[in-house]
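Participant: Questions regarding the structure given below will be posed in turn.
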Amino acid sequence: MNYIFYFLIVISIIAGAINGRLEDVVSAILSGAQTSVKIAFSLIGIMAFWLGMMNIAQKSGLIEVIAKLIKPVTKRLFNEIPEDSPAIGDIAMSFSANAFGLTNAATPIGIRAMEELQKHNINKTSASNAMCLFLAMNTAGFQIIPATVIGILVGVGYPNPTQIIAPTLFVTTLAFTFAIIVAKIFQKFWPQQECEVK
Amino acid sequence: MFQQVMDIISLWALPAILILILTYGLVKKVPLYEVFTEGAKDGFKVAINIIPYLVAIIVGISMLRASGVFEWIGTALAPVLTFFNIPTDIIPLMLTRSLSGSATIGVFSDIAGNPESAFYTTTLAAVMVGSSETTLYVLAVYFGAVGISKIRYALLAGLLADLAGIILAILICRVMFLN
């Protein structure tokens with residue numbers, strides 16, 4: 001993350017200077033910072049709502065029931081996480097929310113899943129294999145109905161917008177599978193350090 | 001028929017989940033209101049916790065977009081895409097897709113709304129956007145929420161999956177929509 005952060009900023013400044021756009025680059029700092037806070041604040045309400053709902057689901061044992069249903073799959077994928085951990089149920093709920101396009105619900109639930117995964121993590125500042133796998137699967141953006149895209153297509157009068165559902169589902173499913181395979185291979189090459197070297 | 005079923009699922013997915021959670025909780029005699037508010041208390045904390053991580057990533061990406069680097073990459077990529085018979089209008093979308101959600105929707109609306117865009121270009125763009133998630137945003141928010149700074153291979157895996165998605169989208173659209 002250190003290098004990514006460094007290069008994002010330094011390359012932007014150098015490229016901006018060469019292109020004569022240094023002024024735009026500098027004003028992007030302000031607008032970017034404002035956008036970040038706007039995003040975070042707009043999350044507060046919906047985050048509180050879904051964390052509340054998920055707390056009910058957990059206390060009632062619903063998450064455990066869901067976790068048991070998908071155990072055959074998750075046992076293989078998240079083999080480092082104990083089978084009865086609430087993390088498994090949270091992960092399942094998060095993907096269901098994503099699949100149905102409930103992005104607002106998926107983010108708080110996904111964060112809850114990360115908090116549960118963190119409890120099993122041996123090094124609290126470094127990502128565990130399970131976290132990397134969960135996020136790799138997440139970034140593949142598995143979704144049954146791409147509602148936003150269809151909405152825009154309807155708006156511009158594209159003929160029969162629902163015809164993109166099938167190819168999109170095909171692509172996202174394969175990318176999702178690919179993400180799992182890549183994450184599983186990479187975990188062998190980037191072993192997690194047990195504790196910070198200082 | 002298919003579309004109607006899909007519309008009903010979209011509309012009912014969220015209400016159905018809420019009814020399920022609340023009814024199951026009631027049957028299991030969970031004090032719904034107390035437990036809800038107890039969980040909801042964390043909402044503020046979590047949202048505030050991710051601010052530093054969001055600022056780092058979103059400021060970086062905003063600067064990069066303003067700097068004109070994407071235009072350089074676009075110019076460099078154009079001959080390659082033309083060689084493979086891929087519309088070059090799609091380049092900005094390929095670049096922003098993993099970095100910024102709002103920019104991606106903006107670029108996509110541009111392509112879809114432009115009457116000069118070919119049917120095939122719009123379709124390819126739609127499949128690319130629909131099948132992706134903003135990788136860098138997801139990583140910043142999720143890792144930020146639990147305070148993890150060493151992300152190991154998570155970014156590389158996410159970006160490779162994005163690249164696979166782009167290639168697959170081009171292939172499937174070529175088979176289905178370009179004759």
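Here, A, B, ... name the chains of the structure tokens in the order displayed, residue numbers run from 1 inside each chain, and ligands are numbered from 1 in the same displayed order.
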Can you tell me, as number ranges by chain, what residues are no more than 12 Å from range 171-174 of chain B when counting only C-alpha atoms, ignoring any on the same chain fewer than 6 positions away?
Facilitator: A: 163-172, 174; B: 84-87, 119-128, 164-165
Participant: Would you export the selected residues with C-alpha atoms as a PDB file, in the first residue's frame, please?
Facilitator:
```
ATOM      1  CA  GLN A 163     -30.288  -8.511 -23.363  1.00  0.00           C
ATOM      2  CA  ILE A 164     -27.101  -7.521 -21.555  1.00  0.00           C
ATOM      3  CA  ILE A 165     -28.061  -9.550 -18.458  1.00  0.00           C
ATOM      4  CA  ALA A 166     -26.962 -12.909 -19.850  1.00  0.00           C
ATOM      5  CA  PRO A 167     -23.513 -11.849 -21.144  1.00  0.00           C
ATOM      6  CA  THR A 168     -22.893  -9.816 -17.973  1.00  0.00           C
ATOM      7  CA  LEU A 169     -23.750 -12.785 -15.783  1.00  0.00           C
ATOM      8  CA  PHE A 170     -21.442 -14.966 -17.871  1.00  0.00           C
ATOM      9  CA  VAL A 171     -18.517 -12.537 -17.537  1.00  0.00           C
ATOM     10  CA  THR A 172     -19.004 -11.852 -13.844  1.00  0.00           C
ATOM     11  CA  LEU A 174     -16.100 -16.435 -14.783  1.00  0.00           C
TER      12      LEU A 174
ATOM     13  CA  PHE B  84      -7.834  -6.483 -32.254  1.00  0.00           C
ATOM     14  CA  ASN B  85     -10.832  -4.631 -33.696  1.00  0.00           C
ATOM     15  CA  ILE B  86     -11.982  -3.282 -30.318  1.00  0.00           C
ATOM     16  CA  PRO B  87     -13.624   0.170 -30.309  1.00  0.00           C
ATOM     17  CA  PHE B 119     -24.647  -0.411 -30.828  1.00  0.00           C
ATOM     18  CA  TYR B 120     -21.735  -2.786 -30.287  1.00  0.00           C
ATOM     19  CA  THR B 121     -19.680  -0.196 -28.363  1.00  0.00           C
ATOM     20  CA  THR B 122     -22.562   0.590 -26.001  1.00  0.00           C
ATOM     21  CA  THR B 123     -23.261  -3.096 -25.437  1.00  0.00           C
ATOM     22  CA  LEU B 124     -19.622  -3.886 -24.703  1.00  0.00           C
ATOM     23  CA  ALA B 125     -19.430  -0.920 -22.319  1.00  0.00           C
ATOM     24  CA  ALA B 126     -22.603  -2.047 -20.542  1.00  0.00           C
ATOM     25  CA  VAL B 127     -21.315  -5.581 -20.028  1.00  0.00           C
ATOM     26  CA  MET B 128     -17.966  -4.249 -18.774  1.00  0.00           C
ATOM     27  CA  ALA B 164     -10.004 -11.116 -16.903  1.00  0.00           C
ATOM     28  CA  GLY B 165     -13.439  -9.474 -16.809  1.00  0.00           C
TER      29      GLY B 165
END
```
Participant: Would you please extract all alpha helix (DSSP H) residues from chain B, as assigned by DSSP on the backbone, and give them as a ChimeraX atom specification?
Facilitator: /B:2-27,32-40,42-49,51-67,69-83,91-96,101-113,119-130,135-145,154-177
Participant: Excluding Met94 in chain B and its own-chain neighbours fewer than 5 positions away, which residues fall within 10 Å of it when counting only C-alpha atoms? Please give them as number ranges by chain.
Facilitator: B: 74, 89, 99, 104, 125, 128-129, 162-163, 166
Participant: Counting only C-alpha atoms, which of A:Leu77, A:Ile11, A:Ala106, A:Pro161 gets nearest to Ala183 in chain A?
Facilitator: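 Under the stated criterion, the closest residue is A:Leu77.
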